[in-house]
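Peer 1: File name run.cif; file contents mmCIF, C-alpha atoms; full text below.
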data_work
#
loop_
_atom_site.label_atom_id
_atom_site.label_comp_id
_atom_site.auth_asym_id
_atom_site.auth_seq_id
_atom_site.Cartn_x
_atom_site.Cartn_y
_atom_site.Cartn_z
CA MET A 1 2.70 22.66 -29.53
CA THR A 2 0.56 19.52 -29.76
CA THR A 3 1.16 17.05 -26.94
CA PRO A 4 1.57 13.31 -27.69
CA GLU A 5 -1.72 12.63 -25.91
CA ALA A 6 -3.56 15.07 -28.20
CA ARG A 7 -2.09 13.82 -31.48
CA PRO A 8 -4.63 11.00 -32.12
CA LEU A 9 -7.47 13.45 -31.54
CA THR A 10 -5.84 16.03 -33.81
CA ARG A 11 -5.36 13.44 -36.54
CA MET A 12 -8.99 12.35 -36.25
CA ARG A 13 -10.12 15.99 -36.40
CA PHE A 14 -8.09 16.48 -39.58
CA ILE A 15 -9.41 13.27 -41.15
CA THR A 16 -13.06 13.98 -40.41
CA THR A 17 -12.73 17.57 -41.59
CA ALA A 18 -11.01 16.45 -44.80
CA VAL A 19 -13.77 13.90 -45.40
CA MET A 20 -16.42 16.54 -44.80
CA VAL A 21 -14.88 19.23 -47.02
CA GLY A 22 -14.05 16.65 -49.69
CA THR A 23 -17.61 15.33 -49.72
CA VAL A 24 -19.12 18.79 -49.84
CA SER A 25 -16.76 20.06 -52.56
CA LEU A 26 -16.95 16.93 -54.72
CA VAL A 27 -20.68 16.28 -54.58
CA GLY A 28 -21.83 19.86 -54.60
CA GLY A 29 -19.22 21.25 -56.99
CA LEU A 30 -19.51 18.52 -59.58
CA ALA A 31 -23.28 18.62 -59.43
CA LEU A 32 -23.28 22.34 -60.14
CA ILE A 33 -20.62 22.26 -62.84
CA LEU A 34 -22.05 19.27 -64.68
CA SER A 35 -25.65 20.40 -64.48
CA ALA A 36 -27.27 21.10 -67.87
CA GLY A 37 -27.64 24.87 -67.57
CA PRO A 38 -26.14 28.14 -68.74
CA TRP A 39 -22.71 29.21 -67.57
CA TRP A 40 -24.11 31.79 -65.16
CA HIS A 41 -26.00 29.19 -63.07
CA PRO A 42 -22.89 28.14 -61.09
CA VAL A 43 -21.91 31.80 -60.78
CA VAL A 44 -25.18 32.61 -58.99
CA VAL A 45 -24.68 29.77 -56.54
CA ALA A 46 -20.93 30.26 -56.07
CA PRO A 47 -21.02 32.85 -53.18
CA SER A 48 -23.28 30.80 -50.95
CA PHE A 49 -21.47 27.61 -51.94
CA GLY A 50 -18.12 29.17 -50.93
CA VAL A 51 -19.57 30.13 -47.54
CA ALA A 52 -20.87 26.59 -47.14
CA VAL A 53 -17.46 25.06 -47.87
CA TRP A 54 -15.81 27.46 -45.39
CA LEU A 55 -18.27 26.42 -42.68
CA ALA A 56 -17.72 22.75 -43.54
CA SER A 57 -14.00 23.20 -42.85
CA ARG A 58 -14.91 24.42 -39.32
CA TRP A 59 -17.66 21.95 -38.54
CA HIS A 60 -15.85 20.68 -35.39
CA ASP A 61 -15.94 24.19 -33.96
CA PRO A 62 -18.67 26.07 -35.81
CA PRO A 63 -19.16 29.83 -35.30
CA ARG A 64 -21.87 31.22 -33.09
CA LEU A 65 -25.53 30.72 -33.96
CA ALA A 66 -25.94 34.20 -35.48
CA VAL A 67 -23.26 33.47 -38.09
CA LEU A 68 -24.83 30.11 -38.94
CA VAL A 69 -28.28 31.63 -39.27
CA SER A 70 -26.90 34.42 -41.51
CA ALA A 71 -25.15 31.87 -43.73
CA LEU A 72 -28.34 29.79 -43.85
CA ALA A 73 -30.34 32.88 -44.87
CA LEU A 74 -27.88 33.58 -47.72
CA ALA A 75 -28.00 29.96 -48.89
CA GLN A 76 -31.80 29.90 -48.67
CA ALA A 77 -32.07 33.13 -50.64
CA THR A 78 -29.84 31.58 -53.30
CA TRP A 79 -32.04 28.49 -53.38
CA VAL A 80 -35.19 30.58 -53.75
CA ALA A 81 -33.64 32.54 -56.60
CA ALA A 82 -32.44 29.31 -58.21
CA VAL A 83 -35.94 27.86 -58.18
CA LEU A 84 -37.52 31.03 -59.57
CA VAL A 85 -35.03 31.36 -62.44
CA ARG A 86 -35.03 27.60 -63.08
CA ILE A 87 -31.44 26.86 -62.02
CA ASP A 88 -30.92 23.11 -61.68
CA VAL A 89 -31.67 21.25 -58.44
CA PRO A 90 -27.98 21.01 -57.27
CA ALA A 91 -28.34 24.69 -56.34
CA VAL A 92 -29.85 23.39 -53.10
CA ALA A 93 -26.36 22.21 -51.99
CA PRO A 94 -25.38 25.38 -50.07
CA VAL A 95 -28.54 25.51 -47.97
CA ALA A 96 -28.29 21.74 -47.34
CA ILE A 97 -24.64 22.04 -46.26
CA VAL A 98 -25.16 25.01 -43.96
CA GLY A 99 -28.33 23.45 -42.61
CA GLY A 100 -26.51 20.17 -41.92
CA ILE A 101 -23.85 22.03 -39.91
CA LEU A 102 -26.57 23.88 -38.01
CA VAL A 103 -28.31 20.60 -37.20
CA VAL A 104 -25.21 18.83 -35.83
CA SER A 105 -24.19 21.93 -33.84
CA ARG A 106 -27.44 21.78 -31.85
CA ALA A 107 -27.01 19.68 -28.73
CA ARG A 108 -30.77 19.33 -28.26
CA LEU A 109 -33.70 18.71 -30.62
CA ARG A 110 -31.52 17.77 -33.56
CA GLY A 111 -34.30 15.74 -35.14
CA LEU A 112 -36.66 18.70 -34.99
CA TRP A 113 -34.07 20.97 -36.60
CA ALA A 114 -33.51 18.40 -39.38
CA VAL A 115 -37.23 18.06 -40.08
CA ALA A 116 -37.66 21.86 -40.14
CA LEU A 117 -34.75 22.21 -42.56
CA LEU A 118 -36.09 19.55 -44.92
CA ALA A 119 -39.55 21.12 -44.78
CA MET A 120 -38.10 24.53 -45.67
CA ILE A 121 -36.10 23.12 -48.57
CA GLY A 122 -39.06 21.10 -49.88
CA ALA A 123 -41.45 24.03 -49.58
CA THR A 124 -39.03 26.22 -51.52
CA GLY A 125 -39.02 23.65 -54.29
CA LEU A 126 -42.77 24.19 -54.68
CA LEU A 127 -42.02 27.72 -55.96
CA SER A 128 -41.14 26.11 -59.29
CA MET A 129 -44.91 25.97 -59.91
CA VAL A 130 -44.70 29.70 -60.70
CA ASN A 131 -42.91 29.29 -64.00
CA SER A 132 -42.43 25.55 -64.52
CA PRO A 133 -45.30 23.51 -63.02
CA GLY A 134 -44.19 20.35 -64.76
CA SER A 135 -40.85 20.28 -62.96
CA THR A 136 -42.18 20.81 -59.43
CA VAL A 137 -42.01 17.17 -58.40
CA GLY A 138 -38.46 16.91 -59.70
CA TYR A 139 -37.40 20.05 -57.85
CA VAL A 140 -38.92 18.91 -54.55
CA ALA A 141 -37.72 15.31 -54.78
CA GLY A 142 -34.23 16.27 -55.97
CA ALA A 143 -33.85 18.98 -53.35
CA LEU A 144 -34.91 16.65 -50.53
CA PHE A 145 -32.53 13.99 -51.84
CA TYR A 146 -29.54 16.35 -51.83
CA ALA A 147 -30.52 17.79 -48.46
CA THR A 148 -30.88 14.34 -46.91
CA ILE A 149 -27.48 13.28 -48.26
CA PHE A 150 -25.68 16.29 -46.79
CA ILE A 151 -27.52 16.28 -43.45
CA ALA A 152 -26.90 12.55 -43.03
CA THR A 153 -23.21 13.00 -43.94
CA PHE A 154 -22.72 15.66 -41.28
CA TRP A 155 -24.79 13.78 -38.71
CA LEU A 156 -23.00 10.45 -39.17
CA ASN A 157 -19.61 12.18 -39.17
CA ASP A 158 -20.54 13.93 -35.94
CA ILE A 159 -21.52 10.60 -34.38
CA ALA A 160 -18.20 9.06 -35.44
CA TRP A 161 -16.32 12.06 -34.05
CA ARG A 162 -18.12 11.86 -30.69
CA LEU A 163 -17.44 8.13 -30.43
CA PHE A 164 -13.77 8.70 -31.14
CA THR A 165 -13.51 11.49 -28.56
CA GLU A 166 -15.16 9.22 -25.98
CA LEU A 167 -12.71 6.42 -26.80
CA ASP A 168 -9.82 8.88 -26.59
CA ALA A 169 -11.09 10.08 -23.20
CA MET A 170 -11.31 6.46 -22.03
CA ARG A 171 -7.76 5.84 -23.22
CA ALA A 172 -6.54 8.90 -21.33
CA ALA A 173 -8.46 7.83 -18.21
CA GLU A 174 -6.99 4.32 -18.45
CA ALA A 175 -3.48 5.75 -18.72
CA GLU A 176 -4.10 8.00 -15.73
CA LEU A 177 -5.51 5.06 -13.77
CA ALA A 178 -2.39 3.03 -14.55
CA VAL A 179 -0.26 5.86 -13.17
CA VAL A 180 -2.39 6.02 -10.01
CA LYS A 181 -2.17 2.24 -9.55
CA GLU A 182 1.60 2.39 -9.94
CA ARG A 183 1.78 5.16 -7.36
CA MET A 184 -0.33 3.10 -4.97
CA ARG A 185 1.91 0.11 -5.50
CA PHE A 186 4.97 2.24 -4.83
CA ALA A 187 3.33 3.65 -1.67
CA ALA A 188 2.50 0.13 -0.47
CA ASP A 189 6.06 -1.04 -1.07
CA LEU A 190 7.44 2.01 0.69
CA HIS A 191 5.16 1.26 3.64
CA ASP A 192 6.42 -2.32 3.69
CA ILE A 193 10.02 -1.11 3.80
CA GLN A 194 9.80 1.78 6.23
CA GLY A 195 6.85 0.87 8.45
CA HIS A 196 8.40 -2.36 9.68
CA THR A 197 11.89 -0.93 10.18
CA LEU A 198 10.69 2.19 11.99
CA HIS A 199 8.80 0.07 14.52
CA VAL A 200 11.90 -2.03 15.05
CA ILE A 201 14.04 1.10 15.53
CA LYS A 202 11.49 2.43 18.00
CA LEU A 203 11.66 -0.83 19.97
CA LYS A 204 15.46 -0.89 20.01
CA ALA A 205 15.64 2.77 20.99
CA ALA A 206 13.34 2.05 23.93
CA VAL A 207 15.55 -0.88 24.96
CA ALA A 208 18.67 1.32 24.75
CA ALA A 209 16.98 4.02 26.83
CA ARG A 210 16.12 1.53 29.59
CA LEU A 211 19.62 0.08 29.68
CA GLN A 212 21.71 3.23 29.24
CA HIS A 213 22.75 3.30 32.91
CA VAL A 214 22.76 -0.47 33.46
CA ASP A 215 24.35 -2.17 30.47
CA PRO A 216 26.38 0.25 28.29
CA GLU A 217 27.64 -2.56 26.05
CA ARG A 218 24.06 -3.64 25.23
CA VAL A 219 23.17 0.00 24.56
CA ALA A 220 26.05 0.29 22.13
CA ALA A 221 24.94 -2.90 20.40
CA GLU A 222 21.36 -1.64 20.10
CA LEU A 223 22.55 1.69 18.68
CA ALA A 224 24.73 -0.14 16.19
CA GLU A 225 21.74 -2.25 15.19
CA ILE A 226 19.65 0.91 14.77
CA GLU A 227 22.33 2.33 12.51
CA ARG A 228 22.43 -0.88 10.49
CA LEU A 229 18.64 -0.99 10.09
CA THR A 230 18.58 2.65 9.04
CA GLY A 231 21.21 1.99 6.39
CA GLU A 232 19.34 -1.05 5.13
CA THR A 233 16.13 0.94 4.91
CA ILE A 234 17.85 3.62 2.85
CA ASP A 235 19.29 0.96 0.54
CA GLN A 236 15.92 -0.77 0.17
CA ALA A 237 14.21 2.53 -0.61
CA GLN A 238 16.80 3.16 -3.31
CA HIS A 239 16.29 -0.33 -4.69
CA LEU A 240 12.56 0.30 -4.72
CA VAL A 241 13.05 3.39 -6.83
CA ASN A 242 15.15 1.34 -9.24
CA SER A 243 12.64 -1.55 -9.12
CA THR A 244 15.33 -4.02 -8.07
CA ARG A 245 14.15 -4.91 -4.58
CA GLN A 246 13.52 -8.61 -3.96
CA LEU A 247 12.52 -9.77 -0.50
CA SER A 248 13.85 -13.02 0.87
CA PHE A 249 11.47 -15.07 2.98
CA THR A 250 14.32 -16.86 4.72
CA SER A 251 15.90 -13.56 5.73
CA GLU A 252 12.55 -12.15 6.86
CA LEU A 253 11.89 -15.27 8.94
CA ALA A 254 15.24 -15.02 10.68
CA ASN A 255 14.76 -11.30 11.24
CA ALA A 256 11.23 -11.73 12.59
CA THR A 257 12.38 -14.44 14.99
CA ALA A 258 15.20 -12.25 16.31
CA LEU A 259 12.96 -9.22 16.75
CA LEU A 260 10.12 -11.03 18.47
CA THR A 261 12.53 -12.84 20.76
CA ALA A 262 14.25 -9.55 21.63
CA ALA A 263 10.83 -8.15 22.55
CA GLY A 264 10.40 -10.94 25.12
CA MET A 265 8.15 -13.24 23.11
CA ASP A 266 8.40 -16.99 22.62
CA VAL A 267 8.46 -17.87 18.92
CA ASP A 268 7.33 -21.31 17.73
CA ILE A 269 7.99 -22.10 14.05
CA SER A 270 6.45 -25.19 12.50
CA GLY A 271 6.68 -26.59 8.99
CA GLU A 272 9.39 -26.30 6.37
CA ASP A 273 10.17 -23.52 3.95
CA THR A 274 9.32 -25.44 0.76
CA ARG A 275 7.04 -22.91 -0.96
CA HIS A 276 7.53 -22.10 -4.64
CA ALA A 277 10.10 -19.47 -5.56
CA ALA A 278 7.37 -17.44 -7.28
CA ASP A 279 5.72 -16.93 -3.87
CA GLU A 280 8.91 -15.67 -2.21
CA GLU A 281 7.99 -11.99 -2.03
CA ILE A 282 4.35 -12.56 -1.03
CA PHE A 283 5.35 -14.81 1.86
CA ALA A 284 8.01 -12.30 2.95
CA LEU A 285 5.59 -9.35 2.79
CA VAL A 286 2.93 -11.13 4.85
CA LEU A 287 5.48 -12.23 7.45
CA ARG A 288 6.88 -8.69 7.66
CA GLU A 289 3.43 -7.14 8.10
CA GLY A 290 2.46 -9.73 10.70
CA THR A 291 5.64 -9.11 12.66
CA THR A 292 5.10 -5.35 12.53
CA ASN A 293 1.54 -5.68 13.82
CA ILE A 294 2.67 -7.87 16.71
CA LEU A 295 5.36 -5.38 17.69
CA ARG A 296 2.71 -2.68 17.87
CA HIS A 297 1.06 -4.67 20.68
CA PRO A 298 3.79 -5.78 23.10
CA ALA A 299 1.25 -7.57 25.31
CA ALA A 300 1.85 -10.71 23.21
CA ARG A 301 4.00 -13.37 24.83
CA THR A 302 3.69 -16.30 22.42
CA VAL A 303 3.90 -16.19 18.63
CA THR A 304 3.29 -19.20 16.38
CA ILE A 305 4.39 -19.23 12.74
CA ALA A 306 3.15 -22.15 10.63
CA ILE A 307 4.62 -22.65 7.15
CA THR A 308 3.40 -24.97 4.39
CA ASP A 309 3.93 -25.10 0.65
CA ASP A 310 1.06 -22.72 -0.11
CA ALA A 311 0.10 -21.18 3.22
CA LEU A 312 1.49 -19.10 6.04
CA THR A 313 -0.18 -18.54 9.41
CA ILE A 314 0.99 -16.12 12.09
CA SER A 315 -0.77 -16.25 15.48
CA ASN A 316 -0.13 -14.43 18.73
CA ASP A 317 -1.76 -14.15 22.11
CA GLY A 318 -2.22 -10.99 24.14
CA ALA A 319 -4.53 -9.41 21.57
CA PRO A 320 -6.89 -6.73 22.97
CA ALA A 321 -10.49 -7.65 23.62
CA THR A 322 -11.73 -5.36 20.87
CA ALA A 323 -11.02 -6.11 17.22
CA ARG A 324 -7.64 -4.88 16.12
CA PRO A 325 -7.68 -2.38 13.25
CA GLU A 326 -6.19 -3.83 10.09
CA ARG A 327 -3.55 -1.14 9.67
CA GLY A 328 -1.53 -1.75 6.54
CA LEU A 329 -3.43 -4.93 5.66
CA ALA A 330 -5.83 -3.49 3.09
CA ALA A 331 -3.16 -2.76 0.48
CA LEU A 332 -1.40 -6.05 1.27
CA ARG A 333 -4.65 -7.97 0.81
CA GLU A 334 -5.07 -6.47 -2.67
CA ARG A 335 -1.52 -7.34 -3.60
CA VAL A 336 -1.95 -10.92 -2.39
CA ALA A 337 -5.17 -11.20 -4.41
CA ARG A 338 -3.36 -10.05 -7.56
CA SER A 339 -0.84 -12.84 -6.98
CA GLY A 340 -3.57 -15.46 -6.79
CA GLY A 341 -3.80 -15.71 -3.02
CA ALA A 342 -6.10 -14.79 -0.16
CA LEU A 343 -5.28 -12.99 3.08
CA SER A 344 -7.54 -13.37 6.11
CA VAL A 345 -7.61 -12.14 9.68
CA SER A 346 -9.30 -13.76 12.67
CA HIS A 347 -9.68 -12.44 16.20
CA ASP A 348 -10.76 -15.03 18.71
CA GLY A 349 -10.70 -13.83 22.30
CA GLY A 350 -7.12 -12.97 23.10
CA SER A 351 -5.70 -14.60 19.99
CA PHE A 352 -5.01 -12.83 16.72
CA THR A 353 -4.25 -14.76 13.50
CA LEU A 354 -3.07 -13.58 10.10
CA SER A 355 -3.32 -16.23 7.37
CA LEU A 356 -2.03 -16.39 3.81
CA ASP A 357 -3.59 -19.08 1.65
CA LEU A 358 -2.67 -19.53 -2.01
CA VAL A 359 -4.67 -22.75 -2.49
CA ARG A 360 -7.99 -21.18 -1.52
CA ALA A 361 -7.81 -18.57 -4.28
CA ALA A 362 -6.82 -21.13 -6.89
CA ALA A 363 -9.71 -23.46 -6.08
#
Output the structure of this file as structure tokens.
Peer 2:
Amino acid sequence: MTTPEARPLTRMRFITTAVMVGTVSLVGGLALILSAGPWWHPVVVAPSFGVAVWLASRWHDPPRLAVLVSALALAQATWVAAVLVRIDVPAVAPVAIVGGILVVSRARLRGLWAVALLAMIGATGLLSMVNSPGSTVGYVAGALFYATIFIATFWLNDIAWRLFTELDAMRAAEAELAVVKERMRFAADLHDIQGHTLHVIKLKAAVAARLQHVDPERVAAELAEIERLTGETIDQAQHLVNSTRQLSFTSELANATALLTAAGMDVDISGEDTRHAADEEIFALVLREGTTNILRHPAARTVTIAITDDALTISNDGAPATARPERGLAALRERVARSGGALSVSHDGGSFTLSLDLVRAAA
């Protein structure tokens, strides 16, 4: 059964084959039938012409070279006989058709094959000097004309076919790339949902473990919070599958403040949340990723979050002396860029800063 992806190629194969067979049958057949000769002239040419039409119907997938050479030998023998018994010039059609198929089926040295074929056809036309010297020029010129027409028809059709197959391959590659990009986007969103929450659960589990013998009520509260976060993560994953998830920057800001404070860090928030609604998810994603990165390095004691209309900056102290790997930031940076923004990271001594800037990209 033909797949939907293969249907355009199948239709193009049918169209080009129909054009080829139609051209061969119309030009060659009419030329033979309407030629001014006895009734038996077309009969002599008919076997080789039938073979030529059959090969033309399979020009996309021609038989092996031995079959083509055998068909060419039959057509050439017919052409030689036609010249010797003074059958009209259209008798060259079978050898020109088979030769054209042979030329386009050769991946290398096509030009050389074409020249050799034309030379063979033209040389055969010179045999008319045996019994009709006055018609030699007409035989040679007419034969080369027909041969050139058929060879050029096959050659140009082959070029069109190859161009179409390349375009079809590009279309298929573009569709596959779109699928891959969508999978990458889904993976990035899934990382945003689960990566942050899992780090929070890990932190709260550690707190509960430390306090299990000291403060049972706090342990119960932490376990309840872990259960709530787990449920939210499941819900968000389901929303992601249904493409209905929408992050709220206000909720993420409140959540980040609570988490960082619970981890023993001082959180300083400056500016007002007046950014455009279209930037809601980008701001929330950057804040979530920044919070997750800070929680990975509990040495931080002070966190500063600066908010403006088109920018968000998250800074923390306690960063290690060596540059911090940008885990999870590569995919986020690409997503921010697609939204018309820029994401940058700076590491200055013990300070680490993650900055979102929408103005810089628009400038």
Peer 1: Anything within 10 Å of (14.2, -15.7, 4.8): list those residues as a list in words, counting all atoms listed in the file and sticking to the file's coordinates.
Peer 2: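 Result, sorted by chain then residue number: Leu247, Ser248, Phe249, Thr250, Ser251, Glu252, Leu253, Ala254, Asn255, Ala256, Asp273, Glu280, Glu281, Phe283, Ala284 and Leu287 of chain A.
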Peer 1: Extract, using only C-alpha atoms, all DNA, RNA and protein residues at most 10 Å from Thr302 of chain A, discarding same-chain residues fewer than 5 positions from it, and format them as a ChimeraX atom specification.
Peer 2: /A:260-261,264-268,315-318,351
Peer 1: With only C-alpha atoms as the counted atoms, please give the residues lying no more than 12 Å from Met129 of chain A, apart from itself and same-chain residues fewer than 5 positions off, as a ChimeraX atom specification.
Peer 2: /A:83-86,123-124,134-140
Peer 1: Please provide as a ChimeraX atom specification all residues within 12 Å of Gly195 of chain A, with the sequence filter that same-chain residues fewer than 6 positions apart are discarded (counting only C-alpha atoms).
Peer 2: /A:187-189,201-202,230,233,237,285,288-293,295-296,327-328
Peer 1: So the first atom is atom CA of Ala299 of chain A and the second is atom CA of Ser270 of chain A; what is the distance between them in Å, to one decimal place?
Peer 2: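 These atoms are spaced 22.4 Å apart.
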Peer 1: List the residues matched by the PyMOL selection byres ((chain A and resi 313) around 12) in the displayed structure as JSON, numbers by chain, ordered by chain and then by residue number.
Peer 2: {"A": [268, 269, 270, 271, 283, 286, 287, 290, 291, 303, 304, 305, 306, 307, 308, 309, 310, 311, 312, 314, 315, 316, 342, 343, 344, 345, 346, 352, 353, 354, 355, 356, 357, 358]}
Peer 1: Do you know which residues are at most 8 Å from Lys204 of chain A counting only C-alpha atoms, after dropping those on the same chain fewer than 3 positions away, and could you put them as a list in words?
Peer 2: Val200, Ile201, Val207, Ala208, Glu222, Leu223 and Ile226 of chain A
Peer 1: For Val89 of chain A, which of A:Leu72, A:Ala262, A:Ile101, A:Ala141 is the closest residue, counting all atoms listed in the file?
Peer 2: A:Ala141
Peer 1: Sorted by chain and rising residue number, list the residues of segment 76-126 of chain A at most 10 Å from segment 55-67 of chain A (counting all atoms listed in the file), each with its closest atom pair and distance in Å to one decimal, as CSV.
Peer 2:
residue,atom,partner,partner_atom,distance
A:Ile97,CA,A:Ala56,CA,7.5
A:Val98,CA,A:Leu55,CA,7.1
A:Gly100,CA,A:Ala56,CA,9.3
A:Ile101,CA,A:Trp59,CA,6.3
A:Leu102,CA,A:Leu65,CA,8.0
A:Val104,CA,A:Trp59,CA,8.6
A:Ser105,CA,A:Pro62,CA,7.2
A:Arg106,CA,A:Leu65,CA,9.4
Peer 1: Given the file shown, determine the residues that the PyMOL selection byres ((chain A and resi 334) around 12) selects; report them as JSON, numbers by chain.
Peer 2: {"A": [181, 184, 185, 188, 282, 286, 328, 329, 330, 331, 332, 333, 335, 336, 337, 338, 339, 340, 341, 342, 343, 344]}
Peer 1: Go ahead and save the picked residues with C-alpha atoms, as a short mmCIF file (atom, residue, chain, number, x, y, z; two decimals), in the coordinates of the input.
Peer 2:
data_model
loop_
_atom_site.label_atom_id
_atom_site.label_comp_id
_atom_site.auth_asym_id
_atom_site.auth_seq_id
_atom_site.Cartn_x
_atom_site.Cartn_y
_atom_site.Cartn_z
CA LYS A 181 -2.17 2.24 -9.55
CA MET A 184 -0.33 3.10 -4.97
CA ARG A 185 1.91 0.11 -5.50
CA ALA A 188 2.50 0.13 -0.47
CA ILE A 282 4.35 -12.56 -1.03
CA VAL A 286 2.93 -11.13 4.85
CA GLY A 328 -1.53 -1.75 6.54
CA LEU A 329 -3.43 -4.93 5.66
CA ALA A 330 -5.83 -3.49 3.09
CA ALA A 331 -3.16 -2.76 0.48
CA LEU A 332 -1.40 -6.05 1.27
CA ARG A 333 -4.65 -7.97 0.81
CA ARG A 335 -1.52 -7.34 -3.60
CA VAL A 336 -1.95 -10.92 -2.39
CA ALA A 337 -5.17 -11.20 -4.41
CA ARG A 338 -3.36 -10.05 -7.56
CA SER A 339 -0.84 -12.84 -6.98
CA GLY A 340 -3.57 -15.46 -6.79
CA GLY A 341 -3.80 -15.71 -3.02
CA ALA A 342 -6.10 -14.79 -0.16
CA LEU A 343 -5.28 -12.99 3.08
CA SER A 344 -7.54 -13.37 6.11
#
Peer 1: Find the axis-aligned box for segment 211-224 of chain A, covering all its listed atoms and adding 6 Å on each side, and write its centre and edge lengths in Å to one decimal as lines of an AutoDock Vina configuration file.
Peer 2:
center_x = 23.6
center_y = -0.2
center_z = 24.8
size_x = 20.0
size_y = 18.9
size_z = 29.3
Peer 1: For the atom pair atom CA of Val53 of chain A and atom CA of Ala77 of chain A, what is the interatomic distance in Å to one decimal place?
Peer 2: 16.9 Å
